[in-house]
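Participant: So here's input.txt (compact mmCIF, C-alpha atoms).
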# COMPACT_ATOMS: atom_id res chain seq x y z
CA MET R 1 -17.73 26.18 45.24
CA LYS R 2 -16.35 24.17 42.35
CA VAL R 3 -17.06 25.32 38.82
CA VAL R 4 -16.22 23.23 35.74
CA ILE R 5 -15.73 25.22 32.54
CA ALA R 6 -16.12 22.90 29.52
CA PRO R 7 -16.81 24.80 26.27
CA ASP R 8 -16.13 24.12 22.62
CA SER R 9 -14.18 26.68 20.59
CA PHE R 10 -15.86 29.84 19.34
CA LYS R 11 -15.05 29.29 15.67
CA GLU R 12 -12.74 31.87 14.09
CA SER R 13 -12.60 33.75 17.39
CA MET R 14 -11.24 31.67 20.28
CA SER R 15 -9.99 28.17 20.94
CA ALA R 16 -11.76 26.18 23.64
CA LYS R 17 -8.78 26.77 25.93
CA GLU R 18 -9.00 30.53 25.42
CA VAL R 19 -12.71 30.45 26.26
CA CYS R 20 -11.88 28.54 29.45
CA ASP R 21 -9.23 31.08 30.44
CA CYS R 22 -11.53 34.07 29.81
CA ALA R 23 -14.41 32.53 31.75
CA GLU R 24 -12.07 31.68 34.62
CA ARG R 25 -10.93 35.31 34.87
CA GLY R 26 -14.53 36.44 34.93
CA ILE R 27 -15.42 34.09 37.80
CA LEU R 28 -12.31 34.75 39.90
CA SER R 29 -12.81 38.50 39.64
CA ILE R 30 -15.99 37.98 41.68
CA PHE R 31 -15.23 34.84 43.68
CA PRO R 32 -11.41 34.59 43.93
CA GLU R 33 -11.57 31.68 46.37
CA TRP R 34 -13.64 29.35 44.20
CA GLU R 35 -12.17 26.21 42.62
CA ILE R 36 -12.12 26.35 38.82
CA VAL R 37 -11.58 23.26 36.63
CA LYS R 38 -10.98 24.02 32.96
CA VAL R 39 -11.72 21.30 30.38
CA PRO R 40 -11.40 22.39 26.72
CA MET R 41 -13.96 20.42 24.71
CA ALA R 42 -14.94 19.57 21.12
CA ASP R 43 -17.38 17.38 19.24
CA GLY R 44 -15.06 15.64 16.80
CA GLY R 45 -15.15 18.38 14.18
CA GLU R 46 -12.80 21.25 13.53
CA GLY R 47 -10.89 22.22 16.66
CA THR R 48 -10.94 18.77 18.24
CA LEU R 49 -7.20 18.34 17.86
CA GLU R 50 -6.43 21.61 19.65
CA SER R 51 -8.96 20.97 22.40
CA LEU R 52 -7.66 17.51 23.25
CA ILE R 53 -4.05 18.65 23.09
CA ASP R 54 -4.82 21.62 25.35
CA ALA R 55 -6.82 19.48 27.78
CA THR R 56 -3.97 16.98 28.20
CA ASN R 57 -0.87 19.15 27.65
CA GLY R 58 -0.09 17.15 24.54
CA LYS R 59 1.97 17.99 21.48
CA ILE R 60 1.15 18.75 17.85
CA TYR R 61 3.40 17.41 15.08
CA ASN R 62 3.71 18.74 11.53
CA GLU R 63 4.30 16.29 8.70
CA GLU R 64 4.47 16.32 4.91
CA THR R 65 1.50 14.50 3.36
CA LEU R 66 -0.53 14.53 0.17
CA ASN R 67 -3.58 16.75 -0.09
CA PRO R 68 -6.80 15.48 -1.76
CA ILE R 69 -5.44 16.05 -5.27
CA GLY R 70 -2.04 14.53 -4.59
CA GLU R 71 -0.02 17.67 -3.92
CA LYS R 72 2.51 17.77 -1.10
CA ILE R 73 1.44 19.85 1.90
CA ILE R 74 2.26 20.18 5.58
CA SER R 75 -0.48 18.73 7.75
CA ARG R 76 -0.59 17.82 11.41
CA TYR R 77 -1.63 15.37 14.10
CA GLY R 78 -1.37 15.33 17.88
CA ILE R 79 -0.24 13.04 20.67
CA LEU R 80 -2.09 13.49 23.95
CA GLY R 81 0.07 14.43 26.90
CA ASP R 82 -1.06 11.95 29.53
CA LYS R 83 -2.13 8.97 27.43
CA ASN R 84 -0.86 6.88 24.54
CA ILE R 85 -3.46 8.36 22.22
CA ALA R 86 -3.13 10.09 18.85
CA ILE R 87 -5.64 12.59 17.51
CA ILE R 88 -6.04 13.21 13.77
CA GLU R 89 -8.38 15.53 11.92
CA MET R 90 -8.65 14.15 8.40
CA ALA R 91 -9.54 17.63 7.17
CA SER R 92 -5.98 18.76 7.83
CA THR R 93 -4.78 16.64 4.92
CA SER R 94 -7.88 15.39 3.06
CA GLY R 95 -10.22 18.33 3.65
CA ILE R 96 -12.33 20.21 1.15
CA GLU R 97 -10.98 23.59 2.29
CA LEU R 98 -7.52 22.58 1.07
CA ILE R 99 -8.45 22.82 -2.61
CA PRO R 100 -10.14 25.63 -4.55
CA LYS R 101 -13.64 25.09 -5.89
CA GLU R 102 -12.48 24.78 -9.50
CA LYS R 103 -10.28 21.80 -8.57
CA ARG R 104 -12.83 19.91 -6.47
CA ASN R 105 -13.43 16.62 -8.22
CA PRO R 106 -14.46 13.50 -6.24
CA TYR R 107 -13.47 11.34 -9.20
CA ILE R 108 -9.82 11.94 -8.29
CA THR R 109 -9.65 13.22 -4.69
CA THR R 110 -8.03 10.84 -2.22
CA THR R 111 -7.73 10.08 1.48
CA TYR R 112 -4.12 8.94 1.03
CA GLY R 113 -2.85 11.76 3.26
CA THR R 114 -5.06 10.56 6.12
CA GLY R 115 -3.36 7.19 5.95
CA GLN R 116 0.02 8.90 5.98
CA LEU R 117 -0.87 10.70 9.22
CA MET R 118 -2.02 7.42 10.75
CA LEU R 119 1.38 5.91 9.94
CA LYS R 120 3.14 8.82 11.63
CA ALA R 121 0.93 8.37 14.70
CA LEU R 122 1.84 4.69 14.86
CA ASP R 123 5.50 5.66 15.15
CA HIS R 124 4.68 6.94 18.67
CA ASP R 125 3.57 3.46 19.84
CA VAL R 126 0.07 4.71 20.54
CA GLU R 127 -2.66 2.43 21.83
CA ARG R 128 -5.53 4.41 20.32
CA ILE R 129 -6.08 6.68 17.35
CA ILE R 130 -8.96 9.14 17.48
CA LEU R 131 -9.92 10.24 14.00
CA GLY R 132 -12.21 13.16 13.25
CA ILE R 133 -13.59 12.73 9.75
CA GLY R 134 -15.59 15.88 9.10
CA GLY R 135 -15.00 18.23 6.17
CA SER R 136 -13.66 15.80 3.58
CA ALA R 137 -13.07 16.53 -0.11
CA THR R 138 -13.25 12.85 -1.01
CA THR R 139 -15.59 10.10 -2.16
CA ASP R 140 -13.09 7.25 -2.37
CA GLY R 141 -14.44 4.99 0.37
CA GLY R 142 -11.20 5.42 2.30
CA SER R 143 -9.34 3.51 -0.39
CA GLY R 144 -6.50 6.04 -0.49
CA MET R 145 -6.07 5.76 3.26
CA LEU R 146 -5.88 1.98 3.00
CA GLN R 147 -3.27 2.22 0.24
CA ALA R 148 -1.11 4.48 2.40
CA LEU R 149 -1.33 1.92 5.21
CA GLY R 150 -0.05 -0.88 2.99
CA ALA R 151 -3.21 -2.44 1.57
CA LYS R 152 -3.18 -3.51 -2.07
CA LEU R 153 -6.16 -2.49 -4.19
CA MET R 154 -5.67 -4.09 -7.57
CA ASP R 155 -7.38 -4.21 -10.95
CA GLU R 156 -7.99 -7.38 -12.94
CA ASN R 157 -4.39 -7.29 -14.23
CA GLY R 158 -2.93 -7.13 -10.73
CA ARG R 159 -1.96 -3.48 -11.00
CA GLU R 160 -2.62 -1.01 -8.20
CA ILE R 161 -5.60 1.20 -8.95
CA GLY R 162 -5.17 4.96 -8.87
CA PHE R 163 -6.58 7.54 -6.49
CA GLY R 164 -10.19 8.62 -6.26
CA GLY R 165 -13.73 7.34 -6.45
CA PHE R 166 -13.64 6.79 -10.20
CA GLU R 167 -10.81 4.27 -9.90
CA LEU R 168 -12.91 2.09 -7.57
CA GLY R 169 -14.79 0.93 -10.64
CA LYS R 170 -11.61 -0.88 -11.73
CA LEU R 171 -11.17 -2.69 -8.41
CA ALA R 172 -10.89 -6.49 -8.73
CA LYS R 173 -9.09 -7.52 -5.53
CA ILE R 174 -8.20 -6.23 -2.07
CA ASP R 175 -5.21 -7.67 -0.27
CA PHE R 176 -4.46 -6.77 3.36
CA SER R 177 -1.42 -9.05 3.72
CA ASN R 178 0.98 -6.07 3.63
CA LEU R 179 -1.12 -3.84 5.87
CA ASP R 180 0.96 -2.24 8.61
CA GLU R 181 1.00 -4.82 11.41
CA ARG R 182 0.93 -2.18 14.14
CA LEU R 183 -2.71 -1.51 13.29
CA ARG R 184 -3.68 -4.82 14.90
CA LYS R 185 -2.67 -3.50 18.31
CA VAL R 186 -4.36 -0.11 18.03
CA GLU R 187 -7.95 0.87 18.78
CA ILE R 188 -9.35 3.26 16.17
CA LEU R 189 -12.15 5.53 17.38
CA VAL R 190 -13.91 7.44 14.62
CA ALA R 191 -15.74 10.65 15.49
CA CYS R 192 -18.78 10.25 13.27
CA ASP R 193 -22.03 12.16 13.76
CA VAL R 194 -23.86 11.07 10.61
CA SER R 195 -25.69 7.79 10.10
CA ASN R 196 -25.62 7.59 6.30
CA PRO R 197 -24.89 4.20 4.72
CA LEU R 198 -22.18 3.90 2.12
CA THR R 199 -24.44 3.78 -0.95
CA GLY R 200 -27.97 4.46 -2.13
CA LYS R 201 -30.06 7.64 -2.15
CA ASN R 202 -29.03 8.34 1.46
CA GLY R 203 -25.47 7.28 0.85
CA SER R 204 -22.20 9.11 0.52
CA ALA R 205 -22.27 10.01 -3.17
CA TYR R 206 -25.87 11.17 -3.37
CA VAL R 207 -25.97 13.15 -0.13
CA PHE R 208 -22.47 14.60 0.06
CA GLY R 209 -21.07 14.26 -3.47
CA PRO R 210 -22.57 17.46 -4.94
CA GLN R 211 -20.96 19.68 -2.33
CA LYS R 212 -17.61 18.15 -3.28
CA GLY R 213 -18.00 18.98 -6.96
CA ALA R 214 -19.91 15.97 -8.28
CA THR R 215 -22.40 16.44 -11.13
CA PRO R 216 -25.56 14.26 -11.19
CA GLN R 217 -23.84 11.92 -13.64
CA MET R 218 -20.76 11.71 -11.43
CA VAL R 219 -22.92 10.98 -8.39
CA GLU R 220 -24.40 7.95 -10.13
CA VAL R 221 -20.99 6.64 -11.18
CA LEU R 222 -19.52 7.18 -7.72
CA ASP R 223 -22.44 5.44 -6.04
CA ASN R 224 -22.09 2.43 -8.35
CA ASN R 225 -18.33 2.33 -7.76
CA LEU R 226 -18.74 2.46 -3.98
CA LEU R 227 -21.27 -0.38 -4.17
CA HIS R 228 -18.79 -2.38 -6.24
CA TYR R 229 -16.09 -1.59 -3.67
CA SER R 230 -18.30 -2.86 -0.84
CA LYS R 231 -18.90 -6.12 -2.69
CA ILE R 232 -15.16 -6.68 -3.16
CA VAL R 233 -14.61 -5.94 0.54
CA LYS R 234 -17.29 -8.44 1.48
CA ARG R 235 -15.81 -11.10 -0.77
CA ASP R 236 -12.12 -10.59 0.05
CA LEU R 237 -12.29 -9.42 3.67
CA ASN R 238 -15.52 -11.14 4.71
CA MET R 239 -16.88 -7.85 5.98
CA GLU R 240 -20.14 -5.99 5.38
CA ILE R 241 -19.59 -2.24 5.10
CA ASN R 242 -22.33 -1.01 2.79
CA ASN R 243 -25.30 -0.65 5.12
CA VAL R 244 -23.54 0.15 8.37
CA PRO R 245 -24.75 3.48 9.81
CA GLY R 246 -21.98 6.03 9.36
CA ALA R 247 -20.21 4.08 6.61
CA GLY R 248 -21.00 6.91 4.20
CA ALA R 249 -19.35 9.58 6.34
CA ALA R 250 -16.51 11.57 4.76
CA GLY R 251 -17.05 10.13 1.30
CA GLY R 252 -17.07 6.59 2.61
CA LEU R 253 -13.99 6.98 4.79
CA GLY R 254 -16.20 5.60 7.54
CA ALA R 255 -16.51 2.38 5.54
CA GLY R 256 -12.77 2.21 4.95
CA LEU R 257 -12.10 2.60 8.65
CA LEU R 258 -14.56 -0.19 9.42
CA THR R 259 -12.29 -2.56 7.48
CA LEU R 260 -9.56 -1.73 10.03
CA GLY R 261 -11.84 -2.46 12.96
CA GLY R 262 -12.67 1.18 13.50
CA ILE R 263 -15.43 2.02 15.98
CA LEU R 264 -17.81 4.78 14.89
CA LYS R 265 -19.10 6.95 17.77
CA LYS R 266 -20.47 10.42 18.31
CA GLY R 267 -17.58 12.84 18.47
CA VAL R 268 -18.58 14.49 21.72
CA GLU R 269 -18.84 11.09 23.42
CA ILE R 270 -15.27 10.28 22.39
CA VAL R 271 -14.01 13.62 23.69
CA ILE R 272 -15.92 13.32 26.98
CA ASP R 273 -14.33 9.93 27.58
CA THR R 274 -10.85 11.01 26.51
CA VAL R 275 -10.67 14.05 28.80
CA ASP R 276 -12.34 12.23 31.74
CA LEU R 277 -15.02 14.91 31.91
CA GLU R 278 -17.40 12.84 34.01
CA GLU R 279 -14.83 12.33 36.76
CA LYS R 280 -13.99 16.03 36.74
CA LEU R 281 -17.54 17.33 36.99
CA LYS R 282 -19.41 14.80 39.11
CA ASP R 283 -18.75 16.74 42.34
CA ALA R 284 -19.05 20.21 40.77
CA ASP R 285 -21.50 22.84 41.98
CA LEU R 286 -21.90 24.47 38.56
CA VAL R 287 -20.93 23.80 34.93
CA ILE R 288 -20.33 26.37 32.19
CA THR R 289 -20.33 25.30 28.56
CA GLY R 290 -20.99 26.82 25.15
CA GLU R 291 -19.67 27.51 21.66
CA GLY R 292 -19.75 30.20 19.01
CA GLY R 293 -23.37 29.59 18.07
CA MET R 294 -26.16 27.73 19.84
CA ASP R 295 -29.60 27.01 18.39
CA LYS R 296 -32.13 24.20 18.05
CA GLN R 297 -29.50 22.05 16.27
CA THR R 298 -27.27 22.06 19.36
CA ILE R 299 -29.12 19.05 20.77
CA TYR R 300 -27.93 16.92 17.84
CA GLY R 301 -24.47 15.93 19.02
CA LYS R 302 -22.96 19.35 19.67
CA THR R 303 -20.54 19.89 22.55
CA PRO R 304 -22.73 22.05 24.83
CA PHE R 305 -25.56 19.53 24.75
CA GLY R 306 -23.21 16.63 25.48
CA VAL R 307 -21.74 18.49 28.45
CA ALA R 308 -25.15 19.52 29.77
CA GLU R 309 -26.50 16.00 29.42
CA LEU R 310 -23.63 14.64 31.50
CA ALA R 311 -24.01 17.37 34.13
CA LYS R 312 -27.69 16.58 34.56
CA LYS R 313 -26.77 13.00 35.40
CA TYR R 314 -25.48 14.51 38.65
CA ASN R 315 -28.15 17.24 38.94
CA ILE R 316 -25.58 19.99 38.41
CA PRO R 317 -26.82 23.40 37.17
CA VAL R 318 -25.59 24.33 33.68
CA ILE R 319 -24.96 27.79 32.24
CA GLY R 320 -24.53 28.14 28.48
CA ILE R 321 -22.72 31.00 26.72
CA ALA R 322 -22.54 31.67 22.98
CA GLY R 323 -21.62 34.36 20.52
CA ASN R 324 -24.94 33.94 18.77
CA LEU R 325 -28.20 32.45 20.01
CA GLY R 326 -29.95 31.23 16.88
CA ASN R 327 -33.39 30.07 15.90
CA GLY R 328 -35.06 27.80 18.44
CA TYR R 329 -32.28 27.94 21.05
CA GLU R 330 -35.00 27.96 23.72
CA ILE R 331 -35.31 24.19 23.32
CA LEU R 332 -32.08 23.95 25.30
CA TYR R 333 -33.96 24.93 28.46
CA ASP R 334 -35.77 21.61 28.17
CA ASN R 335 -32.52 19.75 27.48
CA GLY R 336 -30.21 20.32 30.41
CA PHE R 337 -29.61 24.08 30.48
CA ASP R 338 -30.64 26.29 33.39
CA ALA R 339 -29.51 29.62 31.92
CA ILE R 340 -28.21 30.71 28.50
CA PHE R 341 -26.46 33.97 27.64
CA SER R 342 -25.15 35.63 24.51
CA ILE R 343 -21.77 37.25 25.05
CA MET R 344 -22.58 40.06 22.61
CA PRO R 345 -22.95 43.44 24.38
CA GLY R 346 -24.89 44.94 21.46
CA VAL R 347 -25.07 45.14 17.67
CA ARG R 348 -21.64 44.50 16.17
CA THR R 349 -20.20 43.58 12.79
CA LEU R 350 -19.07 39.95 12.49
CA GLU R 351 -15.45 41.08 12.24
CA THR R 352 -15.71 43.10 15.44
CA ALA R 353 -17.51 40.28 17.24
CA LEU R 354 -14.80 37.77 16.36
CA ILE R 355 -11.99 40.09 17.42
CA SER R 356 -13.60 41.01 20.74
CA GLY R 357 -14.67 37.48 21.70
CA SER R 358 -12.28 37.05 24.60
CA VAL R 359 -13.25 40.36 26.21
CA ASN R 360 -16.93 39.59 25.73
CA VAL R 361 -16.67 36.14 27.33
CA GLU R 362 -14.83 37.52 30.36
CA ASN R 363 -17.26 40.42 30.79
CA THR R 364 -20.34 38.23 30.35
CA VAL R 365 -19.16 35.68 32.90
CA ARG R 366 -18.20 38.46 35.31
CA ASN R 367 -21.71 39.89 34.98
CA ILE R 368 -23.30 36.48 35.54
CA PHE R 369 -21.35 35.80 38.70
CA GLY R 370 -21.73 39.38 39.89
CA SER R 371 -25.46 38.74 39.77
CA LEU R 372 -25.01 35.52 41.75
CA LYS R 373 -23.01 37.41 44.39
CA SER R 374 -25.68 40.09 44.63
CA ILE R 375 -28.19 37.47 45.74
CA LYS R 376 -25.65 36.12 48.23
CA ILE R 377 -24.68 32.82 46.53
CA LYS R 378 -21.91 31.36 48.68
Go through the file and emit its structure as structure tokens.

Facilitator:
Amino acid sequence: MKVVIAPDSFKESMSAKEVCDCAERGILSIFPEWEIVKVPMADGGEGTLESLIDATNGKIYNEETLNPIGEKIISRYGILGDKNIAIIEMASTSGIELIPKEKRNPYITTTYGTGQLMLKALDHDVERIILGIGGSATTDGGSGMLQALGAKLMDENGREIGFGGFELGKLAKIDFSNLDERLRKVEILVACDVSNPLTGKNGSAYVFGPQKGATPQMVEVLDNNLLHYSKIVKRDLNMEINNVPGAGAAGGLGAGLLTLGGILKKGVEIVIDTVDLEEKLKDADLVITGEGGMDKQTIYGKTPFGVAELAKKYNIPVIGIAGNLGNGYEILYDNGFDAIFSIMPGVRTLETALISGSVNVENTVRNIFGSLKSIKIK
């Protein structure tokens, strides 16, 4: 039999590749002759870089960039091993976890570092950049990113505006004439799982601003500034970015990427395509997927659901494994899953559970396949 193992990471416990390796050991301990295909997965969020690099034997590069408040840090990006594709997680340079709570201020935080990583990726002559945009500290509409890439964002006196969402209120002109020319030859895929527009009550500032340190007054100013920004973009670049679903993602970075021709897609769909998962599983007899926690929210763009949905296209049975099975996980039985297991052997502290994840995955999978053998599955 052929088994495809395609999980996400178990956050803070195991990478997707480690989960694959542990599950493989569990299966081969029972059925040593079976064919195992390991495909580390992700959904565009944290861990996507590692999963895609592991799945393609790629390489991770460390580079000096600016963090959201303009301090120099070491961040990273990856180049896939078998394709001319770069993978960037904006959170590695523009993420909210990079700055302490007392310094979180969307008036000044910038996506400049994300643009710097894109420039470094272009040095590898890539044909595609995959950009995960979850976990941002910013509400600058991607303006900092554009500045790093060579765009000119000027005030009424022709001076470059500063960093952050507050400065967008001073914007009078956008000039792309000095934008890095290599961008014209590169496809930009944006892993975006939210549908928020750039502005308004469902927009970037109102929905995501408070968690980034914005007061109610700041939210109003930021929303007005982003609306002003969109009007300048429409006038100078002849492009509508305000009401596009997903434009409000990552503090409006989605909108900024739209100005570069970026394509916004669900993260798991991008990963499935990039690792050729469909080709690898279409003749499988069984698929194993999972992640650290699975619940009723899993059906909204999470990795296990995306994998299960694809497997069901070929009527392949799907087994799900997770560290924690949360509220409403039973809905997964109606959405592509044939069996779902927690890897926890009993009550444990969170610390113990995270440390023992690899052992628990291997033991759980061994028990599953031992049961299959006992009923003479060949």

Participant: Using only C-alpha atoms for the distances, tell me which of R:Arg235, R:Lys120, R:Lys38, R:Lys59 is nearest to Ile288 (chain R).

Facilitator: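 Checking each candidate against Ile288 (chain R), we get R:Lys38 as the closest.
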
Participant: Determine, using all atoms listed in the file, which residues of region 192-217 of chain R have any atom at most 10 Å from an atom of region 237-242 of chain R, and tabulate each with its shortest atom pair and distance in Å to one decimal place, rows ordered by chain and then rising number, as CSV.

Facilitator:
residue,atom,partner,partner_atom,distance
R:Asn196,CA,R:Asn242,CA,9.9
R:Pro197,CA,R:Asn242,CA,6.1
R:Leu198,CA,R:Asn242,CA,5.0
R:Thr199,CA,R:Asn242,CA,6.4
R:Gly200,CA,R:Asn242,CA,9.3
R:Gly203,CA,R:Asn242,CA,9.1

Participant: Using all atoms listed in the file, which protein or nucleic acid residues come within 9 Å of Glu167 (chain R)? Drop anything in the same chain fewer than 2 positions from it, and give the result as JSON, numbers by chain.

Facilitator: {"R": [107, 108, 140, 161, 162, 163, 164, 165, 169, 170, 171, 225]}

Participant: Write out, as an mmCIF file, in the coordinates of the input, the residues just selected, with C-alpha atoms.

Facilitator:
data_model
loop_
_atom_site.group_PDB
_atom_site.id
_atom_site.type_symbol
_atom_site.label_atom_id
_atom_site.label_comp_id
_atom_site.auth_asym_id
_atom_site.auth_seq_id
_atom_site.Cartn_x
_atom_site.Cartn_y
_atom_site.Cartn_z
ATOM 1 C CA TYR R 107 -13.470 11.340 -9.200
ATOM 2 C CA ILE R 108 -9.820 11.940 -8.290
ATOM 3 C CA ASP R 140 -13.090 7.250 -2.370
ATOM 4 C CA ILE R 161 -5.600 1.200 -8.950
ATOM 5 C CA GLY R 162 -5.170 4.960 -8.870
ATOM 6 C CA PHE R 163 -6.580 7.540 -6.490
ATOM 7 C CA GLY R 164 -10.190 8.620 -6.260
ATOM 8 C CA GLY R 165 -13.730 7.340 -6.450
ATOM 9 C CA GLY R 169 -14.790 0.930 -10.640
ATOM 10 C CA LYS R 170 -11.610 -0.880 -11.730
ATOM 11 C CA LEU R 171 -11.170 -2.690 -8.410
ATOM 12 C CA ASN R 225 -18.330 2.330 -7.760
#

Participant: Write out as a list in words which residues come within 9 Å of Ala6 (chain R) when counting only C-alpha atoms, dropping same-chain ones fewer than 6 positions away.

Facilitator: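 Close residues of Ala6 (chain R): Ala16, Val19, Cys20, Val37, Lys38, Val39, Pro40, Met41, Leu277, Val287, Ile288, Thr289, Gly290, Thr303, Pro304 and Val307 of chain R.
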
Participant: Which one of R:Ala55, R:Leu80, R:Ala339, R:Leu286 sits closest to Ile27 (chain R) if you count all atoms listed in the file?

Facilitator: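 So, comparing all the options, the nearest one is R:Leu286.
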
Participant: Figure out the distance between CA of Lys103 (chain R) and CA of Gly70 (chain R), please, to one decimal in Å.

Facilitator: 11.7 Å

Participant: Distance CA of Glu46 (chain R)-CA of Thr215 (chain R), one decimal place?

Facilitator: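 That distance, rounded to one decimal, is 26.9 Å.
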
Participant: Which residue, R:Glu35, R:Asp193, R:Glu309, R:Glu291, has the smallest gap to Glu18 (chain R) when you use all atoms listed in the file?

Facilitator: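 Using all atoms listed in the file, Glu18 (chain R) sits closest to R:Glu291.
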
Participant: Do you have the CA of Phe31 (chain R)-CA of Lys282 (chain R) distance handy?

Facilitator: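 Between these atoms lies a distance of 21.0 Å.
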
Participant: Using only C-alpha atoms, which protein or nucleic acid residues come within 10 Å of region 367-371 of chain R? Drop anything in the same chain fewer than 6 positions from it, and give the result as a list in words.

Facilitator: Gly26, Ile27, Leu28, Ser29, Ile30, Phe31, Ile319, Ala339, Phe341, Val361 and Ile377 of chain R

Participant: Would you kindly identify which residues have an atom no farther than 10 Å from (-4.5, -3.2, 20.1), using only C-alpha atoms and the file's own coordinates, and write them out as a PDB file with C-alpha atoms, in the coordinates of the input?

Facilitator:
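Saved to out04.pdb:
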ATOM      1  CA  VAL R 126       0.070   4.710  20.540  1.00  0.00           C
ATOM      2  CA  GLU R 127      -2.660   2.430  21.830  1.00  0.00           C
ATOM      3  CA  ARG R 128      -5.530   4.410  20.320  1.00  0.00           C
ATOM      4  CA  ARG R 182       0.930  -2.180  14.140  1.00  0.00           C
ATOM      5  CA  LEU R 183      -2.710  -1.510  13.290  1.00  0.00           C
ATOM      6  CA  ARG R 184      -3.680  -4.820  14.900  1.00  0.00           C
ATOM      7  CA  LYS R 185      -2.670  -3.500  18.310  1.00  0.00           C
ATOM      8  CA  VAL R 186      -4.360  -0.110  18.030  1.00  0.00           C
ATOM      9  CA  GLU R 187      -7.950   0.870  18.780  1.00  0.00           C
ATOM     10  CA  ILE R 188      -9.350   3.260  16.170  1.00  0.00           C
TER      11      ILE R 188
END

Participant: Using all atoms listed in the file, which of the listed residues (R:Ile129, R:Ala284, R:Ile343, R:Leu227) sits closest to Val359 (chain R)?

Facilitator: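 Among the listed residues, the smallest separation from Val359 (chain R) belongs to R:Ile343.
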
Participant: Taking the partial coordinates given, rebuild region 147-158 of chain R to contain N, CA, C and O atoms; return it as a PDB file, keeping the file's coordinate frame.

Facilitator:
ATOM      1  N   GLN R 147      -4.489   2.372   1.042  1.00  0.00           N
ATOM      2  CA  GLN R 147      -3.270   2.220   0.240  1.00  0.00           C
ATOM      3  C   GLN R 147      -2.059   2.770   0.981  1.00  0.00           C
ATOM      4  O   GLN R 147      -0.982   2.161   0.971  1.00  0.00           O
ATOM      5  N   ALA R 148      -2.223   3.904   1.640  1.00  0.00           N
ATOM      6  CA  ALA R 148      -1.110   4.480   2.400  1.00  0.00           C
ATOM      7  C   ALA R 148      -0.674   3.572   3.539  1.00  0.00           C
ATOM      8  O   ALA R 148       0.501   3.531   3.911  1.00  0.00           O
ATOM      9  N   LEU R 149      -1.613   2.807   4.083  1.00  0.00           N
ATOM     10  CA  LEU R 149      -1.330   1.920   5.210  1.00  0.00           C
ATOM     11  C   LEU R 149      -0.796   0.559   4.781  1.00  0.00           C
ATOM     12  O   LEU R 149      -0.528  -0.291   5.627  1.00  0.00           O
ATOM     13  N   GLY R 150      -0.652   0.356   3.480  1.00  0.00           N
ATOM     14  CA  GLY R 150      -0.050  -0.880   2.990  1.00  0.00           C
ATOM     15  C   GLY R 150      -0.980  -1.850   2.302  1.00  0.00           C
ATOM     16  O   GLY R 150      -0.537  -2.890   1.798  1.00  0.00           O
ATOM     17  N   ALA R 151      -2.272  -1.557   2.264  1.00  0.00           N
ATOM     18  CA  ALA R 151      -3.210  -2.440   1.570  1.00  0.00           C
ATOM     19  C   ALA R 151      -2.996  -2.363   0.069  1.00  0.00           C
ATOM     20  O   ALA R 151      -2.593  -1.326  -0.467  1.00  0.00           O
ATOM     21  N   LYS R 152      -3.280  -3.460  -0.614  1.00  0.00           N
ATOM     22  CA  LYS R 152      -3.180  -3.510  -2.070  1.00  0.00           C
ATOM     23  C   LYS R 152      -4.588  -3.541  -2.660  1.00  0.00           C
ATOM     24  O   LYS R 152      -5.371  -4.442  -2.372  1.00  0.00           O
ATOM     25  N   LEU R 153      -4.895  -2.547  -3.474  1.00  0.00           N
ATOM     26  CA  LEU R 153      -6.160  -2.490  -4.190  1.00  0.00           C
ATOM     27  C   LEU R 153      -5.853  -2.598  -5.668  1.00  0.00           C
ATOM     28  O   LEU R 153      -5.324  -1.660  -6.272  1.00  0.00           O
ATOM     29  N   MET R 154      -6.156  -3.768  -6.233  1.00  0.00           N
ATOM     30  CA  MET R 154      -5.670  -4.090  -7.570  1.00  0.00           C
ATOM     31  C   MET R 154      -6.785  -4.247  -8.583  1.00  0.00           C
ATOM     32  O   MET R 154      -7.912  -4.630  -8.248  1.00  0.00           O
ATOM     33  N   ASP R 155      -6.437  -3.980  -9.863  1.00  0.00           N
ATOM     34  CA  ASP R 155      -7.380  -4.210 -10.950  1.00  0.00           C
ATOM     35  C   ASP R 155      -7.262  -5.646 -11.428  1.00  0.00           C
ATOM     36  O   ASP R 155      -6.514  -6.468 -10.838  1.00  0.00           O
ATOM     37  N   GLU R 156      -7.956  -5.992 -12.477  1.00  0.00           N
ATOM     38  CA  GLU R 156      -7.990  -7.380 -12.940  1.00  0.00           C
ATOM     39  C   GLU R 156      -6.646  -7.861 -13.478  1.00  0.00           C
ATOM     40  O   GLU R 156      -6.409  -9.061 -13.614  1.00  0.00           O
ATOM     41  N   ASN R 157      -5.731  -6.923 -13.768  1.00  0.00           N
ATOM     42  CA  ASN R 157      -4.390  -7.290 -14.230  1.00  0.00           C
ATOM     43  C   ASN R 157      -3.359  -7.300 -13.108  1.00  0.00           C
ATOM     44  O   ASN R 157      -2.165  -7.474 -13.352  1.00  0.00           O
ATOM     45  N   GLY R 158      -3.833  -7.102 -11.874  1.00  0.00           N
ATOM     46  CA  GLY R 158      -2.930  -7.130 -10.730  1.00  0.00           C
ATOM     47  C   GLY R 158      -2.186  -5.844 -10.488  1.00  0.00           C
ATOM     48  O   GLY R 158      -1.272  -5.798  -9.663  1.00  0.00           O
TER      49      GLY R 158
END
